[in-house]
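Source file: entry04.txt (compact mmCIF, C-alpha atoms and all ligand atoms)
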```txt
# COMPACT_ATOMS: atom_id res chain seq x y z
CA SER A 285 0.00 0.00 0.00
CA THR A 286 1.12 3.57 -0.60
CA VAL A 287 2.26 5.59 2.35
CA ASN A 288 0.97 9.12 2.61
CA SER A 289 3.60 11.46 4.05
CA MET A 290 0.89 13.07 6.19
CA GLU A 291 0.15 9.81 7.95
CA ARG A 292 1.18 9.50 11.56
CA THR A 293 1.40 6.24 13.42
CA GLY A 294 1.36 5.68 17.17
CA THR A 295 2.14 2.37 18.83
CA ALA A 296 1.53 1.22 22.40
CA THR A 297 1.97 -1.98 24.38
CA ALA A 298 -0.07 -2.56 27.55
CA HIS A 299 -0.31 -5.60 29.80
CA THR A 300 -3.37 -7.22 31.33
CA ASN A 301 -3.98 -6.91 35.04
CA ILE A 302 -5.65 -9.10 37.62
CA ALA A 303 -7.76 -7.35 40.25
CA LEU A 304 -6.89 -8.27 43.84
CA ILE A 305 -9.67 -6.03 45.14
CA LYS A 306 -12.35 -6.02 42.48
CA TYR A 307 -14.23 -3.37 40.54
CA TRP A 308 -17.80 -4.67 40.39
CA GLY A 309 -20.42 -2.00 39.87
CA LYS A 310 -20.70 1.33 38.04
CA LYS A 311 -22.39 4.40 39.42
CA ASP A 312 -22.19 6.01 35.96
CA GLU A 313 -22.26 3.59 33.03
CA ALA A 314 -21.50 6.11 30.28
CA LEU A 315 -18.40 7.43 32.02
CA ARG A 316 -17.50 4.07 33.60
CA LEU A 317 -17.31 5.54 37.09
CA PRO A 318 -17.12 2.73 39.65
CA PHE A 319 -18.71 2.64 43.07
CA THR A 320 -15.45 1.64 44.72
CA ASP A 321 -11.68 1.79 44.35
CA SER A 322 -9.99 -1.39 43.11
CA ILE A 323 -6.41 -2.70 43.31
CA SER A 324 -4.64 -4.82 40.72
CA LEU A 325 -1.45 -6.55 39.71
CA THR A 326 -0.21 -6.08 36.15
CA LEU A 327 0.95 -9.32 34.50
CA ALA A 328 4.13 -9.97 32.52
CA ASP A 329 3.22 -12.45 29.81
CA PHE A 330 -0.24 -11.34 28.65
CA TYR A 331 -0.29 -8.09 26.70
CA THR A 332 -1.63 -6.20 23.69
CA THR A 333 0.29 -4.16 21.13
CA THR A 334 -1.77 -1.71 19.10
CA GLU A 335 -0.87 0.57 16.24
CA VAL A 336 -3.04 3.54 15.26
CA THR A 337 -2.46 5.39 11.98
CA VAL A 338 -4.25 8.66 11.29
CA LEU A 339 -5.46 8.64 7.68
CA ASP A 340 -7.08 11.28 5.57
CA SER A 341 -10.76 11.62 6.60
CA ALA A 342 -11.81 10.59 3.09
CA LEU A 343 -10.22 7.16 3.48
CA PRO A 344 -12.15 4.24 5.01
CA LYS A 345 -11.36 3.26 8.59
CA ARG A 346 -9.85 -0.17 9.24
CA PHE A 347 -9.54 -2.39 12.31
CA THR A 348 -7.67 -5.67 12.33
CA MET A 349 -6.93 -7.97 15.26
CA ASN A 350 -4.26 -10.64 15.01
CA GLY A 351 -4.33 -10.18 11.26
CA SER A 352 -8.08 -10.47 10.70
CA PRO A 353 -10.54 -7.62 10.04
CA VAL A 354 -12.88 -7.03 12.99
CA GLN A 355 -16.56 -6.25 12.47
CA GLY A 356 -19.75 -6.43 14.50
CA LYS A 357 -20.18 -5.63 18.17
CA ALA A 358 -16.48 -5.65 19.07
CA ALA A 359 -15.71 -3.22 16.24
CA ASP A 360 -18.69 -0.99 17.10
CA ARG A 361 -17.44 -0.67 20.68
CA VAL A 362 -13.98 0.34 19.47
CA TRP A 363 -15.24 2.88 16.91
CA GLN A 364 -17.63 4.47 19.41
CA TYR A 365 -14.71 4.74 21.80
CA ILE A 366 -12.52 6.34 19.12
CA ALA A 367 -15.26 8.83 18.24
CA ARG A 368 -15.42 9.82 21.88
CA LEU A 369 -11.66 10.34 22.16
CA GLN A 370 -11.60 12.34 18.93
CA GLN A 371 -14.37 14.57 20.25
CA ARG A 372 -12.64 15.06 23.56
CA PHE A 373 -9.33 16.08 22.03
CA GLY A 374 -10.81 17.94 19.06
CA VAL A 375 -8.99 15.79 16.52
CA ARG A 376 -10.23 14.13 13.35
CA GLY A 377 -9.26 11.68 10.66
CA SER A 378 -10.02 8.16 9.66
CA LEU A 379 -8.01 5.57 11.60
CA ALA A 380 -6.32 2.32 10.75
CA ILE A 381 -6.10 0.25 13.94
CA THR A 382 -3.96 -2.87 14.06
CA THR A 383 -3.98 -4.93 17.24
CA GLU A 384 -1.91 -7.92 18.24
CA ASN A 385 -3.33 -9.59 21.31
CA HIS A 386 -0.76 -11.68 23.17
CA VAL A 387 -3.39 -12.88 25.61
CA PRO A 388 -3.87 -16.57 24.90
CA THR A 389 -7.54 -17.47 25.05
CA SER A 390 -6.35 -20.55 26.91
CA ALA A 391 -5.30 -18.30 29.80
CA GLY A 392 -8.95 -17.60 30.48
CA LEU A 393 -8.06 -13.96 31.04
CA ALA A 394 -10.05 -11.09 29.64
CA SER A 395 -8.05 -8.93 27.25
CA SER A 396 -10.12 -5.75 27.59
CA SER A 397 -7.78 -4.29 30.22
CA SER A 398 -4.70 -4.50 28.00
CA ALA A 399 -6.68 -3.80 24.81
CA PHE A 400 -8.18 -0.47 25.81
CA ALA A 401 -5.03 0.72 27.59
CA ALA A 402 -3.00 -0.03 24.44
CA LEU A 403 -5.60 1.63 22.22
CA ALA A 404 -5.66 4.77 24.37
CA GLY A 405 -1.86 4.91 24.29
CA ALA A 406 -1.61 4.36 20.53
CA PHE A 407 -4.29 7.00 19.93
CA ALA A 408 -2.42 9.55 22.06
CA ALA A 409 0.87 8.73 20.33
CA ALA A 410 -0.63 8.90 16.83
CA TYR A 411 -2.00 12.39 17.42
CA GLY A 412 1.01 13.54 19.42
CA LEU A 413 -1.21 14.39 22.40
CA GLN A 414 0.58 15.63 25.51
CA VAL A 415 -0.98 13.31 28.07
CA ASP A 416 0.40 12.32 31.44
CA MET A 417 -0.16 8.89 32.98
CA GLN A 418 -3.29 9.92 34.83
CA GLU A 419 -4.85 11.35 31.67
CA LEU A 420 -3.93 8.14 29.88
CA SER A 421 -5.56 6.11 32.66
CA ARG A 422 -8.68 8.24 32.35
CA MET A 423 -8.77 7.69 28.56
CA ALA A 424 -8.34 3.93 29.02
CA ARG A 425 -11.11 3.86 31.65
CA LEU A 426 -13.63 5.13 29.10
CA GLY A 427 -12.97 2.02 27.01
CA SER A 428 -13.07 -0.53 29.84
CA GLY A 429 -12.94 0.06 33.57
CA SER A 430 -10.14 -2.38 34.29
CA ALA A 431 -8.02 -0.79 31.52
CA SER A 432 -7.53 2.28 33.73
CA ARG A 433 -5.15 0.18 35.87
CA SER A 434 -3.18 -1.35 32.97
CA VAL A 435 -1.22 1.82 32.22
CA TYR A 436 0.95 1.04 35.26
CA GLY A 437 3.21 -1.87 36.03
CA GLY A 438 3.12 -3.79 39.30
CA PHE A 439 0.40 -2.80 41.72
CA ALA A 440 -2.08 -0.06 40.81
CA ARG A 441 -5.13 1.40 42.46
CA TRP A 442 -8.05 2.82 40.53
CA ILE A 443 -9.48 5.64 42.59
CA ALA A 444 -13.27 5.63 42.15
CA GLY A 445 -13.38 9.44 42.20
CA SER A 446 -16.56 11.43 41.72
CA ASP A 447 -16.42 12.47 38.06
CA ASP A 448 -14.53 11.93 34.81
CA ALA A 449 -11.51 13.93 35.91
CA THR A 450 -11.06 12.28 39.30
CA SER A 451 -11.71 8.62 38.39
CA VAL A 452 -8.18 7.53 37.49
CA ALA A 453 -5.69 4.87 38.50
CA VAL A 454 -2.49 5.65 40.38
CA PRO A 455 0.59 3.46 40.82
CA ILE A 456 1.07 1.82 44.22
CA ASP A 457 4.32 -0.04 43.58
CA GLU A 458 5.42 -0.46 39.98
CA HIS A 459 8.42 -2.65 40.90
CA PRO A 460 7.42 -4.84 43.85
CA SER A 461 10.33 -6.13 45.89
CA PHE A 462 8.72 -9.51 46.54
CA ALA A 463 8.33 -12.09 43.83
CA LEU A 464 4.79 -13.01 43.04
CA ARG A 465 3.47 -15.47 40.48
CA MET A 466 -0.01 -15.97 39.13
CA ILE A 467 -1.20 -19.25 37.67
CA ALA A 468 -4.16 -18.92 35.29
CA VAL A 469 -6.24 -22.10 35.39
CA GLN A 470 -8.61 -22.36 32.46
CA ILE A 471 -11.21 -24.96 33.23
CA ASP A 472 -13.95 -24.13 30.77
CA VAL A 473 -14.22 -23.04 27.16
CA LYS A 474 -17.90 -22.09 27.02
CA PRO A 475 -18.57 -18.52 25.94
CA LYS A 476 -19.20 -16.21 28.86
CA ALA A 477 -22.90 -16.30 29.75
CA ILE A 478 -23.11 -12.87 31.37
CA SER A 479 -20.65 -10.14 30.41
CA SER A 480 -18.90 -8.14 33.13
CA THR A 481 -20.88 -5.08 32.15
CA ALA A 482 -24.21 -6.94 32.38
CA GLY A 483 -23.30 -8.83 35.55
CA MET A 484 -22.25 -5.78 37.50
CA ARG A 485 -25.27 -3.84 36.24
CA ARG A 486 -27.58 -6.53 37.58
CA VAL A 487 -26.07 -6.54 41.06
CA VAL A 488 -26.12 -2.74 41.22
CA GLU A 489 -29.78 -2.63 40.25
CA THR A 490 -31.14 -5.62 42.16
CA SER A 491 -28.94 -6.98 44.96
CA PRO A 492 -30.01 -5.97 48.47
CA TYR A 493 -26.42 -6.71 49.50
CA PHE A 494 -24.80 -4.26 47.09
CA PRO A 495 -24.40 -1.46 49.68
CA VAL A 496 -22.58 -3.92 51.95
CA TRP A 497 -20.16 -4.78 49.13
CA VAL A 498 -19.45 -1.09 48.57
CA GLU A 499 -18.90 -0.37 52.23
CA HIS A 500 -16.69 -3.40 52.70
CA ASN A 501 -14.50 -2.68 49.68
CA VAL A 502 -13.40 0.64 51.12
CA ASP A 503 -11.82 -1.21 54.03
CA ALA A 504 -10.50 -4.00 51.81
CA CYS A 505 -8.59 -1.51 49.63
CA GLU A 506 -6.94 0.11 52.64
CA ARG A 507 -5.86 -3.24 54.00
CA MET A 508 -4.59 -4.44 50.61
CA GLN A 509 -2.56 -1.30 50.10
CA GLN A 510 -0.97 -1.84 53.52
CA ALA A 511 -0.22 -5.50 52.72
CA ILE A 512 1.53 -4.39 49.51
CA ALA A 513 3.53 -1.76 51.41
CA ASP A 514 4.54 -4.44 53.92
CA SER A 515 5.36 -7.02 51.20
CA ASP A 516 3.07 -9.26 53.23
CA PHE A 517 2.09 -12.11 50.89
CA THR A 518 -0.10 -13.86 53.44
CA THR A 519 -2.31 -10.85 54.06
CA LEU A 520 -2.36 -9.98 50.36
CA GLY A 521 -3.48 -13.50 49.49
CA GLU A 522 -6.10 -13.73 52.22
CA LEU A 523 -7.59 -10.37 51.24
CA ALA A 524 -7.59 -11.19 47.52
CA GLN A 525 -9.22 -14.57 48.05
CA GLN A 526 -11.90 -13.19 50.35
CA ASN A 527 -12.63 -10.30 48.00
CA ALA A 528 -13.15 -12.71 45.10
CA LEU A 529 -15.53 -14.74 47.25
CA ASP A 530 -17.38 -11.57 48.24
CA MET A 531 -17.83 -10.58 44.59
CA HIS A 532 -19.06 -14.01 43.56
CA ALA A 533 -21.34 -14.23 46.58
CA LEU A 534 -22.82 -10.87 45.57
CA ASN A 535 -23.74 -12.31 42.16
CA LEU A 536 -25.78 -15.02 43.87
CA THR A 537 -27.80 -12.31 45.63
CA ALA A 538 -28.84 -10.48 42.44
CA ARG A 539 -32.45 -10.81 41.30
CA PRO A 540 -32.30 -13.22 39.55
CA GLY A 541 -29.16 -14.60 41.10
CA PHE A 542 -26.37 -15.91 38.89
CA THR A 543 -22.94 -17.44 39.17
CA TYR A 544 -19.82 -17.78 37.04
CA PHE A 545 -18.86 -20.97 38.88
CA GLU A 546 -18.75 -24.29 37.06
CA PRO A 547 -18.33 -27.62 38.85
CA GLN A 548 -14.59 -27.67 38.15
CA THR A 549 -14.25 -24.20 39.58
CA LEU A 550 -15.09 -25.53 43.03
CA GLN A 551 -12.66 -28.41 42.62
CA VAL A 552 -9.85 -25.92 42.03
CA LEU A 553 -10.88 -23.66 44.91
CA GLN A 554 -10.94 -26.65 47.27
CA ALA A 555 -7.57 -27.86 46.02
CA VAL A 556 -6.03 -24.44 46.69
CA ASP A 557 -7.43 -24.40 50.24
CA GLN A 558 -6.18 -27.95 50.75
CA LEU A 559 -2.69 -27.08 49.49
CA ARG A 560 -2.53 -24.19 51.92
CA GLN A 561 -3.49 -26.45 54.81
CA GLU A 562 -0.60 -28.69 53.79
CA GLY A 563 1.80 -25.76 53.98
CA VAL A 564 1.90 -24.84 50.29
CA GLU A 565 0.91 -21.23 50.60
CA CYS A 566 -1.34 -20.13 47.73
CA TYR A 567 -4.58 -18.21 47.27
CA TYR A 568 -7.19 -17.96 44.54
CA THR A 569 -9.05 -15.18 42.82
CA MET A 570 -11.64 -15.20 40.01
CA ASP A 571 -13.13 -12.72 37.59
CA ALA A 572 -16.27 -12.74 35.46
CA GLY A 573 -15.92 -16.34 34.36
CA PRO A 574 -15.36 -19.87 35.69
CA ASN A 575 -11.55 -19.79 35.50
CA VAL A 576 -9.38 -19.53 38.56
CA LYS A 577 -6.19 -17.53 39.08
CA VAL A 578 -3.85 -18.74 41.80
CA LEU A 579 -1.45 -16.39 43.57
CA VAL A 580 1.74 -18.03 44.76
CA GLN A 581 5.35 -17.24 45.58
CA PRO A 582 7.95 -18.80 43.26
CA GLU A 583 9.07 -21.50 45.72
CA HIS A 584 5.61 -23.07 45.74
CA GLU A 585 4.66 -22.68 42.10
CA ALA A 586 5.72 -26.17 40.99
CA ALA A 587 3.79 -27.84 43.82
CA VAL A 588 0.62 -25.97 42.90
CA LEU A 589 0.94 -26.82 39.21
CA GLU A 590 1.56 -30.46 40.04
CA ARG A 591 -1.50 -30.76 42.28
CA LEU A 592 -3.87 -28.93 39.94
CA ALA A 593 -2.77 -31.13 37.04
CA VAL A 594 -4.17 -34.06 39.05
CA VAL A 595 -7.35 -32.31 40.24
CA VAL A 596 -8.33 -30.84 36.85
CA PRO A 597 -6.34 -32.80 34.25
CA ASP A 598 -8.16 -31.15 31.33
CA ALA A 599 -7.37 -27.63 32.46
CA THR A 600 -4.85 -25.42 30.71
CA MET A 601 -2.47 -23.70 33.09
CA LEU A 602 -0.25 -20.74 32.33
CA SER A 603 1.82 -18.93 34.91
CA THR A 604 3.29 -15.48 34.80
CA GLY A 605 5.02 -12.88 36.92
CA VAL A 606 4.64 -9.16 37.54
CA GLY A 607 4.40 -7.01 34.41
CA PRO A 608 5.44 -3.50 33.38
CA GLY A 609 3.47 -0.37 32.57
CA ILE A 610 2.49 0.92 29.15
CA THR A 611 5.07 1.83 26.53
CA MET A 612 4.33 4.20 23.66
CA SER A 613 6.08 5.47 20.57
CA ALA A 614 5.25 7.50 17.46
CA ASN A 615 6.65 7.80 13.97
C1 LIG B 1 -11.85 -6.10 37.77
N1 LIG B 1 -13.52 -7.17 36.31
O1 LIG B 1 -11.69 -5.30 38.72
C2 LIG B 1 -13.22 -6.72 37.64
C3 LIG B 1 -13.35 -7.95 38.50
C4 LIG B 1 -13.97 -8.52 36.27
C5 LIG B 1 -14.14 -8.93 37.68
O2 LIG B 1 -13.13 -5.18 35.43
O3 LIG B 1 -17.80 -2.93 31.87
O4 LIG B 1 -14.08 -5.26 31.13
O5 LIG B 1 -15.81 -2.76 30.35
O6 LIG B 1 -15.87 -1.48 32.50
O7 LIG B 1 -13.28 -3.76 32.99
C6 LIG B 1 -13.90 -6.76 33.93
O8 LIG B 1 -14.73 -5.78 33.44
O9 LIG B 1 -15.72 -3.95 32.51
C7 LIG B 1 -13.50 -6.32 35.28
P1 LIG B 1 -16.33 -2.71 31.76
P2 LIG B 1 -14.31 -4.63 32.44
O10 LIG B 1 -10.92 -6.42 37.01
```

Could you express the structure from this file as structure tokens?
Amino acid sequence: STVNSMERTGTATAHTNIALIKYWGKKDEALRLPFTDSISLTLADFYTTTEVTVLDSALPKRFTMNGSPVQGKAADRVWQYIARLQQRFGVRGSLAITTENHVPTSAGLASSSSAFAALAGAFAAAYGLQVDMQELSRMARLGSGSASRSVYGGFARWIAGSDDATSVAVPIDEHPSFALRMIAVQIDVKPKAISSTAGMRRVVETSPYFPVWVEHNVDACERMQQAIADSDFTTLGELAQQNALDMHALNLTARPGFTYFEPQTLQVLQAVDQLRQEGVECYYTMDAGPNVKVLVQPEHEAAVLERLAVVVPDATMLSTGVGPGITMSAN
């Protein structure tokens, strides 16, 4: 294809994150303002690289993911997001978006956190926007809530805030001094029954327990931040595991109640608890799906993998360490 000298390309790489204290409920859906703060760990091996090229407005827009053109709902969400960013920054042009998702579907991890952080970064780089990290986090948040945290490496905290300007993530510790591993256990390949957006909307609108979740998460975030500051793996793990249970319990109390658990989910949760009782310290967390993520320190990783291979022999397991923040470039 011919290259127009006016074209500008921005590239960004962002990593997925796993929430230790979860975001589960929006008080403003359009702006993606959450009810509570959340705290996450950015992951090393699962990431998205996105390239945005600004074309002449007369040219057709293009969006490809892992080499294939994207259409339908996923593309609509991206183009609506782009229109919003263009409006905000007063910029125009047709865009060519090329995304490479290095988030194996077998990891059972959602890629929206890395995808929208990378897209926000590539957009800013393509237009040469002068944005600081908090502005970038705010831009990413508009695409997907969890993406607000993926601009930072290590541990990050998304401050709920009260409006668009104040709802941004901040770094807690981008280079943690203690080694932490996360094992992603994929136990099911069925398409997600209830999206994160729909699931959290239902609990906000119908669960009588939702106010308790909100109140409790305020305390959970403070305690998690302290555990991170103390490099206290035991407290970090206990808080993360309990917070995941709280979130999944909340789903059962929606009207109608629902769950992301599958039978094998419980087998993994029980195996993790059993391992801990045997002295192999590890903790689980779960997001909007049946897969389990196990937090462990390096010395116990092999023992966890070995046990889970027996408990859920069909599961795919991938482990990773702590990942870096977003990187951006333009040419
Ligand atoms: C989180 N999750 O804190 C929570 C915990 C899943 C469970 O953020 O609706 O894709 O696009 O803002 O960020 C996944 O939901 O939701 C998520 P939207 P998102 O990581």

**Message:** If I take CA of Gln551 in chain A and CA of Leu536 in chain A, how far is one from the other in Å, to one decimal?
**Reply:** 18.8 Å

**Prompt:** What gap, in Å, lies between CA of Glu499 in chain A and CA of Thr320 in chain A?
**Reply:**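 CA of Thr320 in chain A lies 8.5 Å from CA of Glu499 in chain A.
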
Neighbouring residues of ligand LIG 1 (chain B) are defined here as those with any atom at most 10 Å from a ligand atom, counting all atoms listed in the file; list them as a PDB file with C-alpha atoms, in the frame of the given file.
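Resulting contents of pocket-v1.pdb:
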```pdb
ATOM      1  CA  THR A 300      -3.370  -7.220  31.330  1.00  0.00           C
ATOM      2  CA  ASN A 301      -3.980  -6.910  35.040  1.00  0.00           C
ATOM      3  CA  ILE A 302      -5.650  -9.100  37.620  1.00  0.00           C
ATOM      4  CA  ALA A 303      -7.760  -7.350  40.250  1.00  0.00           C
ATOM      5  CA  LEU A 304      -6.890  -8.270  43.840  1.00  0.00           C
ATOM      6  CA  ILE A 305      -9.670  -6.030  45.140  1.00  0.00           C
ATOM      7  CA  LYS A 306     -12.350  -6.020  42.480  1.00  0.00           C
ATOM      8  CA  TYR A 307     -14.230  -3.370  40.540  1.00  0.00           C
ATOM      9  CA  TRP A 308     -17.800  -4.670  40.390  1.00  0.00           C
ATOM     10  CA  GLY A 309     -20.420  -2.000  39.870  1.00  0.00           C
ATOM     11  CA  LYS A 310     -20.700   1.330  38.040  1.00  0.00           C
ATOM     12  CA  GLU A 313     -22.260   3.590  33.030  1.00  0.00           C
ATOM     13  CA  ALA A 314     -21.500   6.110  30.280  1.00  0.00           C
ATOM     14  CA  LEU A 315     -18.400   7.430  32.020  1.00  0.00           C
ATOM     15  CA  ARG A 316     -17.500   4.070  33.600  1.00  0.00           C
ATOM     16  CA  LEU A 317     -17.310   5.540  37.090  1.00  0.00           C
ATOM     17  CA  PRO A 318     -17.120   2.730  39.650  1.00  0.00           C
ATOM     18  CA  THR A 320     -15.450   1.640  44.720  1.00  0.00           C
ATOM     19  CA  ASP A 321     -11.680   1.790  44.350  1.00  0.00           C
ATOM     20  CA  SER A 322      -9.990  -1.390  43.110  1.00  0.00           C
ATOM     21  CA  ILE A 323      -6.410  -2.700  43.310  1.00  0.00           C
ATOM     22  CA  SER A 324      -4.640  -4.820  40.720  1.00  0.00           C
ATOM     23  CA  LEU A 325      -1.450  -6.550  39.710  1.00  0.00           C
ATOM     24  CA  LEU A 393      -8.060 -13.960  31.040  1.00  0.00           C
ATOM     25  CA  ALA A 394     -10.050 -11.090  29.640  1.00  0.00           C
ATOM     26  CA  SER A 395      -8.050  -8.930  27.250  1.00  0.00           C
ATOM     27  CA  SER A 396     -10.120  -5.750  27.590  1.00  0.00           C
ATOM     28  CA  SER A 397      -7.780  -4.290  30.220  1.00  0.00           C
ATOM     29  CA  SER A 398      -4.700  -4.500  28.000  1.00  0.00           C
ATOM     30  CA  ALA A 399      -6.680  -3.800  24.810  1.00  0.00           C
ATOM     31  CA  PHE A 400      -8.180  -0.470  25.810  1.00  0.00           C
ATOM     32  CA  ALA A 424      -8.340   3.930  29.020  1.00  0.00           C
ATOM     33  CA  ARG A 425     -11.110   3.860  31.650  1.00  0.00           C
ATOM     34  CA  LEU A 426     -13.630   5.130  29.100  1.00  0.00           C
ATOM     35  CA  GLY A 427     -12.970   2.020  27.010  1.00  0.00           C
ATOM     36  CA  SER A 428     -13.070  -0.530  29.840  1.00  0.00           C
ATOM     37  CA  GLY A 429     -12.940   0.060  33.570  1.00  0.00           C
ATOM     38  CA  SER A 430     -10.140  -2.380  34.290  1.00  0.00           C
ATOM     39  CA  ALA A 431      -8.020  -0.790  31.520  1.00  0.00           C
ATOM     40  CA  SER A 432      -7.530   2.280  33.730  1.00  0.00           C
ATOM     41  CA  ARG A 433      -5.150   0.180  35.870  1.00  0.00           C
ATOM     42  CA  TRP A 442      -8.050   2.820  40.530  1.00  0.00           C
ATOM     43  CA  SER A 479     -20.650 -10.140  30.410  1.00  0.00           C
ATOM     44  CA  SER A 480     -18.900  -8.140  33.130  1.00  0.00           C
ATOM     45  CA  THR A 481     -20.880  -5.080  32.150  1.00  0.00           C
ATOM     46  CA  ALA A 482     -24.210  -6.940  32.380  1.00  0.00           C
ATOM     47  CA  GLY A 483     -23.300  -8.830  35.550  1.00  0.00           C
ATOM     48  CA  MET A 484     -22.250  -5.780  37.500  1.00  0.00           C
ATOM     49  CA  ARG A 485     -25.270  -3.840  36.240  1.00  0.00           C
ATOM     50  CA  ASN A 527     -12.630 -10.300  48.000  1.00  0.00           C
ATOM     51  CA  ALA A 528     -13.150 -12.710  45.100  1.00  0.00           C
ATOM     52  CA  MET A 531     -17.830 -10.580  44.590  1.00  0.00           C
ATOM     53  CA  HIS A 532     -19.060 -14.010  43.560  1.00  0.00           C
ATOM     54  CA  THR A 569      -9.050 -15.180  42.820  1.00  0.00           C
ATOM     55  CA  MET A 570     -11.640 -15.200  40.010  1.00  0.00           C
ATOM     56  CA  ASP A 571     -13.130 -12.720  37.590  1.00  0.00           C
ATOM     57  CA  ALA A 572     -16.270 -12.740  35.460  1.00  0.00           C
ATOM     58  CA  GLY A 573     -15.920 -16.340  34.360  1.00  0.00           C
TER      59      GLY A 573
END
```

Closest contacts (range 408-512 of chain A/range 590-597 of chain A, max 10 Å, all atoms listed in the file) as JSON lines:
```
{"residue": "A:Val469", "atom": "CA", "partner": "A:Leu592", "partner_atom": "CA", "distance": 8.5}
{"residue": "A:Gln470", "atom": "CA", "partner": "A:Val596", "partner_atom": "CA", "distance": 9.6}
{"residue": "A:Ile471", "atom": "CA", "partner": "A:Val596", "partner_atom": "CA", "distance": 7.5}
```

**Shortest interatomic distance to Asn501 in chain A - which of A:Ala444, A:Ala477, A:Ala408, A:Ala587, counting all atoms listed in the file** = A:Ala444

**Message:** Measuring between all atoms listed in the file, which one of A:Gln371, A:Leu520, A:Arg465, A:Ser491 shows the shortest distance to Asp329 in chain A?
**Reply:**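 Residue with the minimum atom-to-atom distance to Asp329 in chain A: A:Arg465.
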
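Residue nearest Arg486 in chain A within the list A:Ala555, A:Leu534, A:Val338, A:Val588: A:Leu534 [criterion: smallest interatomic distance, all atoms listed in the file].
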